[in-house]
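Structure below is target09.pdb: PDB, C-alpha atoms.
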MODEL        1
ATOM      1  CA  MET A   1     -23.536-141.278  21.302
ATOM      2  CA  ASN A   2     -22.407-139.467  24.404
ATOM      3  CA  THR A   3     -23.633-135.878  24.051
ATOM      4  CA  TRP A   4     -20.393-134.400  25.310
ATOM      5  CA  PHE A   5     -18.437-136.352  22.780
ATOM      6  CA  SER A   6     -20.719-135.352  19.926
ATOM      7  CA  GLN A   7     -20.313-131.723  20.966
ATOM      8  CA  LEU A   8     -16.527-131.944  20.845
ATOM      9  CA  LYS A   9     -16.620-131.313  17.111
ATOM     10  CA  TYR A  10     -17.534-127.691  17.873
ATOM     11  CA  LEU A  11     -14.400-127.386  19.955
ATOM     12  CA  VAL A  12     -12.391-128.621  16.978
ATOM     13  CA  ILE A  13     -14.123-126.270  14.514
ATOM     14  CA  GLY A  14     -13.631-123.406  16.975
ATOM     15  CA  THR A  15      -9.941-124.230  17.301
ATOM     16  CA  LEU A  16      -9.400-124.172  13.537
ATOM     17  CA  PHE A  17     -11.387-120.968  13.347
ATOM     18  CA  GLY A  18      -9.263-119.415  16.113
ATOM     19  CA  ILE A  19      -6.068-120.337  14.277
ATOM     20  CA  ILE A  20      -7.353-118.652  11.104
ATOM     21  CA  PHE A  21      -8.303-115.571  13.135
ATOM     22  CA  VAL A  22      -4.807-115.228  14.519
ATOM     23  CA  LYS A  23      -2.927-116.070  11.335
ATOM     24  CA  ALA A  24      -5.001-113.613   9.307
ATOM     25  CA  GLU A  25      -4.217-111.003  12.004
ATOM     26  CA  VAL A  26      -7.941-110.293  12.205
ATOM     27  CA  ILE A  27      -7.503-110.159  15.982
ATOM     28  CA  SER A  28      -4.864-107.446  15.724
ATOM     29  CA  TRP A  29      -5.689-104.047  17.130
ATOM     30  CA  PHE A  30      -3.407-102.602  14.450
ATOM     31  CA  ARG A  31      -5.353-104.204  11.603
ATOM     32  CA  ILE A  32      -8.631-102.856  12.985
ATOM     33  CA  GLN A  33      -7.137 -99.355  13.194
ATOM     34  CA  GLU A  34      -5.969 -99.639   9.583
ATOM     35  CA  MET A  35      -9.465-100.697   8.522
ATOM     36  CA  PHE A  36     -11.189 -97.762  10.190
ATOM     37  CA  ARG A  37      -8.552 -95.337   8.883
ATOM     38  CA  LEU A  38      -8.804 -96.752   5.354
ATOM     39  CA  GLN A  39      -5.089 -97.513   5.442
ATOM     40  CA  SER A  40      -5.313-101.135   4.346
ATOM     41  CA  PHE A  41      -7.519-103.373   2.249
ATOM     42  CA  HIS A  42      -6.753-106.418   4.387
ATOM     43  CA  MET A  43      -9.823-106.468   6.675
ATOM     44  CA  TYR A  44     -12.162-105.528   3.854
ATOM     45  CA  GLY A  45     -10.733-108.400   1.849
ATOM     46  CA  VAL A  46     -11.164-110.853   4.735
ATOM     47  CA  ILE A  47     -14.743-109.863   5.582
ATOM     48  CA  GLY A  48     -15.760-109.387   1.939
ATOM     49  CA  SER A  49     -14.460-112.751   0.769
ATOM     50  CA  ALA A  50     -15.900-114.470   3.863
ATOM     51  CA  VAL A  51     -19.324-113.058   3.033
ATOM     52  CA  MET A  52     -18.974-114.107  -0.619
ATOM     53  CA  VAL A  53     -18.108-117.688   0.331
ATOM     54  CA  GLY A  54     -20.872-117.732   2.965
ATOM     55  CA  MET A  55     -23.432-116.436   0.475
ATOM     56  CA  LEU A  56     -22.438-118.942  -2.189
ATOM     57  CA  SER A  57     -22.584-121.805   0.350
ATOM     58  CA  VAL A  58     -26.022-120.816   1.609
ATOM     59  CA  TRP A  59     -27.243-120.464  -1.981
ATOM     60  CA  LEU A  60     -25.945-123.945  -2.810
ATOM     61  CA  ILE A  61     -27.505-125.446   0.329
ATOM     62  CA  LYS A  62     -30.880-123.927  -0.569
ATOM     63  CA  LYS A  63     -30.661-124.644  -4.295
ATOM     64  CA  PHE A  64     -29.799-128.322  -3.913
ATOM     65  CA  ASN A  65     -31.603-128.775  -0.584
ATOM     66  CA  ILE A  66     -28.399-130.147   0.950
ATOM     67  CA  LYS A  67     -29.110-131.916   4.245
ATOM     68  CA  THR A  68     -27.070-131.871   7.440
ATOM     69  CA  LEU A  69     -24.877-134.849   8.310
ATOM     70  CA  ASP A  70     -27.787-136.179  10.379
ATOM     71  CA  GLY A  71     -30.100-135.878   7.391
ATOM     72  CA  GLU A  72     -32.030-132.865   8.708
ATOM     73  CA  THR A  73     -33.157-129.977   6.542
ATOM     74  CA  VAL A  74     -30.975-126.937   7.160
ATOM     75  CA  VAL A  75     -32.863-124.307   9.160
ATOM     76  CA  PHE A  76     -32.289-120.585   8.665
ATOM     77  CA  HIS A  77     -33.374-118.059  11.241
ATOM     78  CA  PRO A  78     -34.618-114.829   9.671
ATOM     79  CA  LYS A  79     -33.648-111.727  11.610
ATOM     80  CA  LYS A  80     -36.403-109.209  12.329
ATOM     81  CA  PHE A  81     -35.562-105.560  12.054
ATOM     82  CA  ASN A  82     -35.663-103.423  15.177
ATOM     83  CA  LYS A  83     -33.975-100.155  16.119
ATOM     84  CA  GLY A  84     -31.555-102.109  18.295
ATOM     85  CA  GLN A  85     -29.640-103.020  15.166
ATOM     86  CA  ILE A  86     -28.983 -99.299  14.674
ATOM     87  CA  TYR A  87     -28.303 -98.191  18.273
ATOM     88  CA  GLY A  88     -26.598-101.402  19.302
ATOM     89  CA  GLY A  89     -24.685-101.522  16.032
ATOM     90  CA  LEU A  90     -23.289 -98.027  16.562
ATOM     91  CA  ILE A  91     -22.362 -98.806  20.180
ATOM     92  CA  PHE A  92     -20.613-102.040  19.200
ATOM     93  CA  GLY A  93     -18.767-100.190  16.412
ATOM     94  CA  LEU A  94     -17.404 -97.709  18.958
ATOM     95  CA  GLY A  95     -16.217-100.554  21.172
ATOM     96  CA  TRP A  96     -14.742-102.503  18.245
ATOM     97  CA  ALA A  97     -12.452 -99.621  17.297
ATOM     98  CA  ILE A  98     -11.273 -99.184  20.911
ATOM     99  CA  THR A  99     -10.557-102.799  21.779
ATOM    100  CA  GLY A 100      -9.614-103.846  18.254
ATOM    101  CA  ALA A 101     -11.751-106.912  18.783
ATOM    102  CA  CYS A 102     -15.247-108.170  18.244
ATOM    103  CA  PRO A 103     -16.364-110.944  20.615
ATOM    104  CA  GLY A 104     -14.606-113.806  18.760
ATOM    105  CA  PRO A 105     -11.184-112.164  18.637
ATOM    106  CA  LEU A 106     -11.419-111.371  22.378
ATOM    107  CA  PHE A 107     -11.127-115.101  23.067
ATOM    108  CA  ALA A 108      -8.291-115.482  20.559
ATOM    109  CA  GLN A 109      -6.408-112.474  21.956
ATOM    110  CA  ILE A 110      -6.393-114.088  25.391
ATOM    111  CA  GLY A 111      -5.150-117.277  23.735
ATOM    112  CA  VAL A 112      -2.153-115.601  22.100
ATOM    113  CA  GLY A 113      -1.051-114.435  25.516
ATOM    114  CA  ALA A 114      -2.640-111.024  26.046
ATOM    115  CA  THR A 115      -4.012-112.207  29.389
ATOM    116  CA  VAL A 116      -5.290-108.767  30.368
ATOM    117  CA  VAL A 117      -7.922-109.081  27.626
ATOM    118  CA  ALA A 118      -9.698-111.406  30.066
ATOM    119  CA  VAL A 119     -10.696-108.173  31.824
ATOM    120  CA  THR A 120     -12.087-106.817  28.540
ATOM    121  CA  LEU A 121     -13.981-110.069  28.045
ATOM    122  CA  LEU A 122     -15.419-109.907  31.575
ATOM    123  CA  SER A 123     -16.458-106.339  30.890
ATOM    124  CA  ALA A 124     -18.126-107.442  27.646
ATOM    125  CA  ILE A 125     -20.028-110.113  29.591
ATOM    126  CA  ALA A 126     -21.047-107.396  32.054
ATOM    127  CA  GLY A 127     -22.202-105.244  29.124
ATOM    128  CA  THR A 128     -24.326-108.104  27.824
ATOM    129  CA  TRP A 129     -25.784-108.585  31.287
ATOM    130  CA  VAL A 130     -26.627-104.888  31.684
ATOM    131  CA  TYR A 131     -28.346-104.962  28.284
ATOM    132  CA  GLY A 132     -30.390-107.976  29.381
ATOM    133  CA  ARG A 133     -31.306-106.331  32.677
ATOM    134  CA  PHE A 134     -32.474-103.041  31.126
ATOM    135  CA  ARG A 135     -33.720-104.427  27.844
ATOM    136  CA  ASP A 136     -37.327-103.368  28.450
ATOM    137  CA  GLN A 137     -36.378 -99.754  29.065
ATOM    138  CA  LEU A 138     -34.323 -99.448  25.856
ATOM    139  CA  PRO A 139     -35.798 -98.353  22.504
ATOM    140  CA  HIS A 140     -36.139-101.223  20.045
TER     141      HIS A 140
ATOM    142  CA  MET B 141      10.962-123.409   3.549
ATOM    143  CA  THR B 142       9.306-126.033   5.731
ATOM    144  CA  ILE B 143       5.533-126.391   6.017
ATOM    145  CA  LEU B 144       5.726-124.976   9.529
ATOM    146  CA  GLU B 145       7.633-121.896   8.341
ATOM    147  CA  PHE B 146       5.089-121.530   5.565
ATOM    148  CA  LEU B 147       2.221-121.566   8.062
ATOM    149  CA  GLN B 148       3.986-119.160  10.413
ATOM    150  CA  GLN B 149       3.766-116.306   7.926
ATOM    151  CA  PRO B 150       0.684-114.091   8.148
ATOM    152  CA  TRP B 151      -2.031-115.561   5.931
ATOM    153  CA  PRO B 152      -3.278-113.295   3.150
ATOM    154  CA  TRP B 153      -6.897-112.154   3.131
ATOM    155  CA  TYR B 154      -7.792-114.269   0.118
ATOM    156  CA  ILE B 155      -6.897-117.426   2.064
ATOM    157  CA  ALA B 156      -8.252-116.434   5.481
ATOM    158  CA  GLY B 157     -11.473-114.757   4.314
ATOM    159  CA  PRO B 158     -12.826-117.740   2.353
ATOM    160  CA  LEU B 159     -11.845-120.089   5.216
ATOM    161  CA  ILE B 160     -13.780-117.913   7.657
ATOM    162  CA  GLY B 161     -16.711-117.912   5.207
ATOM    163  CA  LEU B 162     -16.612-121.721   5.105
ATOM    164  CA  THR B 163     -17.470-121.759   8.808
ATOM    165  CA  VAL B 164     -21.038-120.884   7.770
ATOM    166  CA  PRO B 165     -21.759-124.092   5.783
ATOM    167  CA  VAL B 166     -19.620-126.237   8.099
ATOM    168  CA  LEU B 167     -21.694-125.297  11.165
ATOM    169  CA  LEU B 168     -24.944-125.592   9.220
ATOM    170  CA  LEU B 169     -24.138-129.022   7.834
ATOM    171  CA  VAL B 170     -22.435-130.471  10.880
ATOM    172  CA  GLY B 171     -25.207-129.634  13.323
ATOM    173  CA  ASN B 172     -27.710-127.151  11.876
ATOM    174  CA  LYS B 173     -26.082-124.324  13.812
ATOM    175  CA  SER B 174     -26.118-120.665  12.800
ATOM    176  CA  PHE B 175     -22.709-119.028  12.937
ATOM    177  CA  GLY B 176     -22.637-116.423  15.697
ATOM    178  CA  ILE B 177     -20.196-115.635  18.455
ATOM    179  CA  SER B 178     -21.608-112.845  20.623
ATOM    180  CA  SER B 179     -24.442-115.143  21.787
ATOM    181  CA  SER B 180     -21.813-116.969  23.822
ATOM    182  CA  LEU B 181     -21.629-113.921  26.108
ATOM    183  CA  ARG B 182     -25.379-114.206  26.708
ATOM    184  CA  HIS B 183     -25.078-117.913  27.454
ATOM    185  CA  ILE B 184     -22.317-117.164  29.979
ATOM    186  CA  CYS B 185     -24.653-114.660  31.679
ATOM    187  CA  ALA B 186     -27.506-117.188  31.639
ATOM    188  CA  ALA B 187     -25.258-119.876  33.103
ATOM    189  CA  CYS B 188     -23.459-117.794  35.738
ATOM    190  CA  VAL B 189     -25.555-114.763  36.740
ATOM    191  CA  PRO B 190     -29.145-115.145  35.473
ATOM    192  CA  ALA B 191     -30.399-113.146  38.506
ATOM    193  CA  LYS B 192     -34.053-113.660  37.543
ATOM    194  CA  VAL B 193     -33.611-111.414  34.475
ATOM    195  CA  PRO B 194     -36.129-112.752  31.897
ATOM    196  CA  PHE B 195     -33.591-112.287  29.063
ATOM    197  CA  PHE B 196     -31.373-114.897  30.741
ATOM    198  CA  GLN B 197     -34.110-117.418  31.578
ATOM    199  CA  TYR B 198     -33.680-120.113  28.986
ATOM    200  CA  ASP B 199     -32.036-123.490  28.725
ATOM    201  CA  TRP B 200     -28.461-122.368  28.013
ATOM    202  CA  LYS B 201     -27.296-125.980  28.160
ATOM    203  CA  LYS B 202     -28.861-126.453  24.727
ATOM    204  CA  GLU B 203     -26.354-123.879  23.490
ATOM    205  CA  THR B 204     -23.307-125.654  24.888
ATOM    206  CA  TRP B 205     -21.998-126.034  21.333
ATOM    207  CA  ASN B 206     -21.567-122.254  21.167
ATOM    208  CA  LEU B 207     -19.522-122.203  24.383
ATOM    209  CA  LEU B 208     -17.352-125.047  23.091
ATOM    210  CA  PHE B 209     -16.891-123.126  19.854
ATOM    211  CA  VAL B 210     -15.551-120.032  21.655
ATOM    212  CA  GLY B 211     -13.484-122.299  23.912
ATOM    213  CA  GLY B 212     -11.994-123.614  20.677
ATOM    214  CA  ILE B 213     -11.214-120.078  19.517
ATOM    215  CA  LEU B 214      -9.243-119.559  22.727
ATOM    216  CA  LEU B 215      -7.425-122.846  22.169
ATOM    217  CA  GLY B 216      -6.766-121.891  18.537
ATOM    218  CA  GLY B 217      -5.280-118.633  19.812
ATOM    219  CA  ILE B 218      -2.913-120.565  22.081
ATOM    220  CA  ILE B 219      -1.769-122.822  19.218
ATOM    221  CA  ALA B 220      -1.440-120.023  16.663
ATOM    222  CA  GLY B 221       0.301-117.809  19.201
ATOM    223  CA  SER B 222       2.928-120.418  20.052
ATOM    224  CA  VAL B 223       3.600-123.105  17.434
ATOM    225  CA  LEU B 224       2.460-121.008  14.490
ATOM    226  CA  ALA B 225       3.550-117.595  15.773
ATOM    227  CA  ASN B 226       5.041-115.170  13.295
ATOM    228  CA  PRO B 227       8.349-113.875  14.699
ATOM    229  CA  ALA B 228       8.256-110.692  12.591
ATOM    230  CA  PRO B 229       6.418-107.531  13.676
ATOM    231  CA  VAL B 230       2.913-106.878  12.318
ATOM    232  CA  ALA B 231       3.454-105.245   8.923
ATOM    233  CA  VAL B 232       1.253-102.186   9.143
ATOM    234  CA  ASN B 233       0.782 -99.208   6.872
ATOM    235  CA  PRO B 234       3.670 -96.739   7.471
ATOM    236  CA  GLN B 235       1.057 -94.019   7.905
ATOM    237  CA  LEU B 236      -0.349 -95.870  10.943
ATOM    238  CA  VAL B 237       3.150 -96.070  12.441
ATOM    239  CA  THR B 238       3.438 -92.282  12.077
ATOM    240  CA  ASP B 239      -0.083 -91.758  13.433
ATOM    241  CA  LEU B 240       0.485 -93.860  16.559
ATOM    242  CA  ALA B 241       4.009 -92.676  17.443
ATOM    243  CA  PRO B 242       2.874 -89.486  19.252
ATOM    244  CA  TYR B 243       0.844 -91.663  21.636
ATOM    245  CA  GLY B 244       3.853 -93.796  22.553
ATOM    246  CA  ILE B 245       2.772 -96.813  20.514
ATOM    247  CA  THR B 246       5.968 -97.882  18.823
ATOM    248  CA  ASP B 247       6.110-101.660  19.306
ATOM    249  CA  PHE B 248       4.398-103.670  16.573
ATOM    250  CA  HIS B 249       5.710-107.079  17.596
ATOM    251  CA  SER B 250       2.462-108.432  19.006
ATOM    252  CA  LEU B 251      -1.021-108.480  17.540
ATOM    253  CA  VAL B 252      -2.362-106.869  20.707
ATOM    254  CA  PRO B 253      -0.219-103.798  21.450
ATOM    255  CA  GLY B 254       1.405-104.432  24.827
ATOM    256  CA  GLN B 255       1.969-100.702  25.265
ATOM    257  CA  LEU B 256      -1.809-100.184  25.463
ATOM    258  CA  PHE B 257      -3.174-103.444  26.808
ATOM    259  CA  ASN B 258      -1.314-104.626  29.908
ATOM    260  CA  TRP B 259      -2.182-105.263  33.551
ATOM    261  CA  PRO B 260      -0.588-102.127  35.074
ATOM    262  CA  ALA B 261      -2.398-100.001  32.451
ATOM    263  CA  LEU B 262      -5.694-100.996  34.093
ATOM    264  CA  LEU B 263      -4.822 -98.451  36.756
ATOM    265  CA  SER B 264      -4.579 -95.607  34.228
ATOM    266  CA  VAL B 265      -7.540 -93.657  32.859
ATOM    267  CA  ARG B 266      -6.561 -94.532  29.303
ATOM    268  CA  GLY B 267      -6.215 -98.234  30.053
ATOM    269  CA  LEU B 268      -9.426 -98.361  32.043
ATOM    270  CA  LEU B 269     -11.382 -96.621  29.283
ATOM    271  CA  MET B 270      -9.937 -98.850  26.590
ATOM    272  CA  MET B 271     -10.076-102.251  28.275
ATOM    273  CA  VAL B 272     -13.047-101.991  30.624
ATOM    274  CA  GLY B 273     -15.000 -99.297  28.758
ATOM    275  CA  GLY B 274     -14.307-100.769  25.320
ATOM    276  CA  GLY B 275     -15.233-104.264  26.439
ATOM    277  CA  PHE B 276     -18.479-103.030  27.934
ATOM    278  CA  LEU B 277     -19.450-101.314  24.666
ATOM    279  CA  VAL B 278     -18.671-104.498  22.726
ATOM    280  CA  GLY B 279     -20.825-106.691  24.991
ATOM    281  CA  PHE B 280     -23.684-104.225  25.366
ATOM    282  CA  GLY B 281     -23.719-103.187  21.709
ATOM    283  CA  THR B 282     -23.563-106.651  20.179
ATOM    284  CA  ARG B 283     -26.451-107.935  22.281
ATOM    285  CA  TYR B 284     -28.491-104.768  21.660
ATOM    286  CA  ALA B 285     -27.842-105.222  17.926
ATOM    287  CA  GLY B 286     -28.630-108.931  18.169
ATOM    288  CA  GLY B 287     -25.286-110.053  16.804
ATOM    289  CA  CYS B 288     -21.721-109.120  15.963
ATOM    290  CA  THR B 289     -19.451-109.333  12.966
ATOM    291  CA  SER B 290     -20.034-113.085  12.718
ATOM    292  CA  GLY B 291     -23.794-113.244  13.301
ATOM    293  CA  HIS B 292     -24.719-110.143  11.341
ATOM    294  CA  ALA B 293     -21.923-109.275   8.917
ATOM    295  CA  ILE B 294     -21.072-112.837   7.879
ATOM    296  CA  MET B 295     -24.050-115.111   8.698
ATOM    297  CA  GLY B 296     -26.686-112.385   8.237
ATOM    298  CA  LEU B 297     -25.351-111.096   4.929
ATOM    299  CA  SER B 298     -24.770-114.656   3.683
ATOM    300  CA  THR B 299     -28.488-115.332   4.156
ATOM    301  CA  LEU B 300     -29.406-111.949   2.613
ATOM    302  CA  GLN B 301     -30.997-110.463   5.733
ATOM    303  CA  TRP B 302     -31.394-106.736   5.286
ATOM    304  CA  PRO B 303     -31.520-106.025   9.063
ATOM    305  CA  SER B 304     -28.010-107.488   9.177
ATOM    306  CA  LEU B 305     -26.901-105.067   6.474
ATOM    307  CA  VAL B 306     -28.258-102.197   8.581
ATOM    308  CA  ALA B 307     -26.391-103.552  11.612
ATOM    309  CA  THR B 308     -23.158-104.012   9.646
ATOM    310  CA  ILE B 309     -23.303-100.464   8.292
ATOM    311  CA  CYS B 310     -23.836 -99.193  11.841
ATOM    312  CA  PHE B 311     -20.848-101.243  13.120
ATOM    313  CA  MET B 312     -18.714 -99.526  10.492
ATOM    314  CA  ILE B 313     -20.050 -96.027  11.227
ATOM    315  CA  GLY B 314     -19.402 -96.525  14.951
ATOM    316  CA  GLY B 315     -15.896 -97.785  14.199
ATOM    317  CA  PHE B 316     -15.037 -94.896  11.876
ATOM    318  CA  VAL B 317     -16.270 -92.332  14.389
ATOM    319  CA  MET B 318     -14.316 -93.922  17.228
ATOM    320  CA  ALA B 319     -11.041 -94.551  15.366
ATOM    321  CA  ASN B 320     -10.883 -91.129  13.729
ATOM    322  CA  LEU B 321     -12.662 -88.737  16.071
ATOM    323  CA  ILE B 322     -12.741 -90.096  19.627
ATOM    324  CA  LEU B 323      -9.830 -92.545  19.934
ATOM    325  CA  PRO B 324      -7.116 -89.909  19.298
ATOM    326  CA  PHE B 325      -8.431 -88.110  22.387
ATOM    327  CA  ILE B 326      -8.506 -91.301  24.494
ATOM    328  CA  LEU B 327      -4.989 -92.265  23.341
ATOM    329  CA  SER B 328      -3.645 -88.861  24.382
ATOM    330  CA  LEU B 329      -4.878 -89.292  27.983
TER     331      LEU B 329
ENDMDL
END
Could you rewrite the structure in this file as structure tokens?
Amino acid sequence: MNTWFSQLKYLVIGTLFGIIFVKAEVISWFRIQEMFRLQSFHMYGVIGSAVMVGMLSVWLIKKFNIKTLDGETVVFHPKKFNKGQIYGGLIFGLGWAITGACPGPLFAQIGVGATVVAVTLLSAIAGTWVYGRFRDQLPH
Amino acid sequence: MTILEFLQQPWPWYIAGPLIGLTVPVLLLVGNKSFGISSSLRHICAACVPAKVPFFQYDWKKETWNLLFVGGILLGGIIAGSVLANPAPVAVNPQLVTDLAPYGITDFHSLVPGQLFNWPALLSVRGLLMMVGGGFLVGFGTRYAGGCTSGHAIMGLSTLQWPSLVATICFMIGGFVMANLILPFILSL
């Protein structure tokens, strides 16, 4: 099968995912402010139930050794601890509360018509680049 | 009420959350892919400005699926923001309305507040800090942490990775500090 065509399914999954993001108002700056001010349960409910469903799915996949559509064994990538998860995590948290968006919602925000968020996205790409450039000098 | 009108309402957390969670098994079973969004920013760097930085020297074309996935999110935003758009303002906690009023944020009609995030605002200190500064922190922080809300909080916790729990707790601490202690100062600029 043409590789481009077989990859199109990710575009479709992404589109559905983007629609859910917008309709759940997860991409709303207001909802993020409510979350960090403990003024609404909404975001906690979204993230909490997403994690629950994710956990249950992964447990089922492991328990019954469910294969991928191509018949492969599902591969999990364990994450190794390093101090970056602390420093980077705190830095991302600061940015999340300012922009009201993690990386996924940035794309969706542009989609709903907030075109200026393209600047925020470019800046996020620049941030990723600067991290990559100075990675060796940063504590991990 | 038509189906379209039904879909145009904001979706409650107990519908949206589980659907977001389902992305984990869908990506795993469809193509053995681990759910994660911030990596796309790295792939964009690797594709466009690798500049001989070792961190960006890898075959990003193998990760095309991730770029298509975020392209889909953008497309989903366009569809949800037009056909499925909710005409009513975002229903926020009245306390937040009171909290934001002194900073001139009074319009709750769009998900992204137009009074804060708009092109002319890029020329103001507040706008520059929020859009350019905030974006930089998001991109730098997620890569430094090795993931964002999707890769760590959802995928990482789903696979019971304790480093992801550490990262998620730090995301929340950073967010609480910013929203409650620093953002009021930035908003007043």
Practice problem: Name the residues captured by the PyMOL selection byres ((chain B and resi 212-214) around 9) when it is applied to the shown file; answer as JSON, numbers by chain. | Solution: {"A": [10, 11, 12, 13, 14, 15, 16, 17, 18, 19, 21, 104, 105, 106, 107, 108, 109, 110, 111, 112], "B": [207, 208, 209, 210, 211, 215, 216, 217, 218, 219]}
What would the file look like if the residues just selected were written as a CSV table (one decimal), keeping the file's coordinate frame with C-alpha atoms?
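Saved file again_23.csv follows:
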chain,number,residue,atom,x,y,z
A,10,TYR,CA,-17.5,-127.7,17.9
A,11,LEU,CA,-14.4,-127.4,20.0
A,12,VAL,CA,-12.4,-128.6,17.0
A,13,ILE,CA,-14.1,-126.3,14.5
A,14,GLY,CA,-13.6,-123.4,17.0
A,15,THR,CA,-9.9,-124.2,17.3
A,16,LEU,CA,-9.4,-124.2,13.5
A,17,PHE,CA,-11.4,-121.0,13.3
A,18,GLY,CA,-9.3,-119.4,16.1
A,19,ILE,CA,-6.1,-120.3,14.3
A,21,PHE,CA,-8.3,-115.6,13.1
A,104,GLY,CA,-14.6,-113.8,18.8
A,105,PRO,CA,-11.2,-112.2,18.6
A,106,LEU,CA,-11.4,-111.4,22.4
A,107,PHE,CA,-11.1,-115.1,23.1
A,108,ALA,CA,-8.3,-115.5,20.6
A,109,GLN,CA,-6.4,-112.5,22.0
A,110,ILE,CA,-6.4,-114.1,25.4
A,111,GLY,CA,-5.2,-117.3,23.7
A,112,VAL,CA,-2.2,-115.6,22.1
B,207,LEU,CA,-19.5,-122.2,24.4
B,208,LEU,CA,-17.4,-125.0,23.1
B,209,PHE,CA,-16.9,-123.1,19.9
B,210,VAL,CA,-15.6,-120.0,21.7
B,211,GLY,CA,-13.5,-122.3,23.9
B,215,LEU,CA,-7.4,-122.8,22.2
B,216,GLY,CA,-6.8,-121.9,18.5
B,217,GLY,CA,-5.3,-118.6,19.8
B,218,ILE,CA,-2.9,-120.6,22.1
B,219,ILE,CA,-1.8,-122.8,19.2
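Residue nearest chain B, chosen from A:Met55, A:Leu60, A:Leu122, A:Ala101 and counting only C-alpha atoms: A:Met55.
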Practice problem: For range 40-44 of chain A, list every protein, DNA or RNA residue within 10 Å, evaluated using all atoms listed in the file, and leave out those in the same chain fewer than 2 positions away; present the list as an MDAnalysis selection string. | Solution: (chainID A and resid 24:26 31:38 46:50) or (chainID B and resid 152:154 157 232:233 236)
Let's have the selection written as a PDB file, in the coordinates of the input, with C-alpha atoms.
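File produced: part-v2.pdb:
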ATOM      1  CA  ALA A  24      -5.001-113.613   9.307  1.00  0.00           C
ATOM      2  CA  GLU A  25      -4.217-111.003  12.004  1.00  0.00           C
ATOM      3  CA  VAL A  26      -7.941-110.293  12.205  1.00  0.00           C
ATOM      4  CA  ARG A  31      -5.353-104.204  11.603  1.00  0.00           C
ATOM      5  CA  ILE A  32      -8.631-102.856  12.985  1.00  0.00           C
ATOM      6  CA  GLN A  33      -7.137 -99.355  13.194  1.00  0.00           C
ATOM      7  CA  GLU A  34      -5.969 -99.639   9.583  1.00  0.00           C
ATOM      8  CA  MET A  35      -9.465-100.697   8.522  1.00  0.00           C
ATOM      9  CA  PHE A  36     -11.189 -97.762  10.190  1.00  0.00           C
ATOM     10  CA  ARG A  37      -8.552 -95.337   8.883  1.00  0.00           C
ATOM     11  CA  LEU A  38      -8.804 -96.752   5.354  1.00  0.00           C
ATOM     12  CA  VAL A  46     -11.164-110.853   4.735  1.00  0.00           C
ATOM     13  CA  ILE A  47     -14.743-109.863   5.582  1.00  0.00           C
ATOM     14  CA  GLY A  48     -15.760-109.387   1.939  1.00  0.00           C
ATOM     15  CA  SER A  49     -14.460-112.751   0.769  1.00  0.00           C
ATOM     16  CA  ALA A  50     -15.900-114.470   3.863  1.00  0.00           C
TER      17      ALA A  50
ATOM     18  CA  PRO B 152      -3.278-113.295   3.150  1.00  0.00           C
ATOM     19  CA  TRP B 153      -6.897-112.154   3.131  1.00  0.00           C
ATOM     20  CA  TYR B 154      -7.792-114.269   0.118  1.00  0.00           C
ATOM     21  CA  GLY B 157     -11.473-114.757   4.314  1.00  0.00           C
ATOM     22  CA  VAL B 232       1.253-102.186   9.143  1.00  0.00           C
ATOM     23  CA  ASN B 233       0.782 -99.208   6.872  1.00  0.00           C
ATOM     24  CA  LEU B 236      -0.349 -95.870  10.943  1.00  0.00           C
TER      25      LEU B 236
END
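In terms of minimum interatomic distance to Arg266 in chain B, B:Ser328 ranks closest within B:Ser179, B:Ser328, B:Ser174, B:Thr142, counting all atoms listed in the file.
Shortest atom-to-atom contact with chain B among A:Phe64, A:Trp29, A:Phe134, A:Trp4: A:Trp29, counting all atoms listed in the file.
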If you take only C-alpha atoms and a cut-off of 12 Å, which residues of range 1-85 of chain A touch range 275-286 of chain B, and what are their nearest atom pairs and distances in Å to one decimal, in chain and number order, as JSON lines?
{"residue": "A:Pro78", "atom": "CA", "partner": "B:Gly286", "partner_atom": "CA", "distance": 12.0}
{"residue": "A:Lys79", "atom": "CA", "partner": "B:Gly286", "partner_atom": "CA", "distance": 8.7}
{"residue": "A:Lys80", "atom": "CA", "partner": "B:Gly286", "partner_atom": "CA", "distance": 9.7}
{"residue": "A:Phe81", "atom": "CA", "partner": "B:Ala285", "partner_atom": "CA", "distance": 9.7}
{"residue": "A:Asn82", "atom": "CA", "partner": "B:Ala285", "partner_atom": "CA", "distance": 8.5}
{"residue": "A:Lys83", "atom": "CA", "partner": "B:Ala285", "partner_atom": "CA", "distance": 8.2}
{"residue": "A:Gly84", "atom": "CA", "partner": "B:Ala285", "partner_atom": "CA", "distance": 4.9}
{"residue": "A:Gln85", "atom": "CA", "partner": "B:Ala285", "partner_atom": "CA", "distance": 4.0}
Exercise. Report as a VMD selection string the residues that result from applying the PyMOL selection byres ((chain A and resi 96) around 9) to the structure here.
Key: (chain A and resid 32 91 to 95 97 to 103) or (chain B and resid 274 to 275 277 to 278 311 314 to 315 318)
Quiz prompt | Picked residues, the PyMOL selection byres ((chain A and resi 51) around 10), as an NGL selection string | solution = (:A and (45-50 or 52-57)) or (:B and (157-158 or 160-162 or 164 or 290 or 293-299))
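With CA of Trp151 in chain B on one side and CA of Pro165 in chain B on the other, the separation reads 21.5 Å.
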Quiz item: Smallest atom-to-atom distance to chain A: which of B:Leu256, B:Ala156, B:Ala191, B:Leu329, using all atoms listed in the file?
Solution: B:Ala156
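Note that the spacing between CA of Pro150 in chain B and CA of Asn226 in chain B amounts to 6.8 Å.
If you look at CA of Gly254 in chain B and CA of Asn320 in chain B, they are 21.2 Å away from each other.
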Exercise. Find the residues around range 74-77 of chain A up to 10 Å (only C-alpha atoms counted), leave out those fewer than 6 positions away in its own chain, and share them as a ChimeraX atom specification.
Key: /A:58,61-62,65-68 /B:165,168-174,295-296,299,301
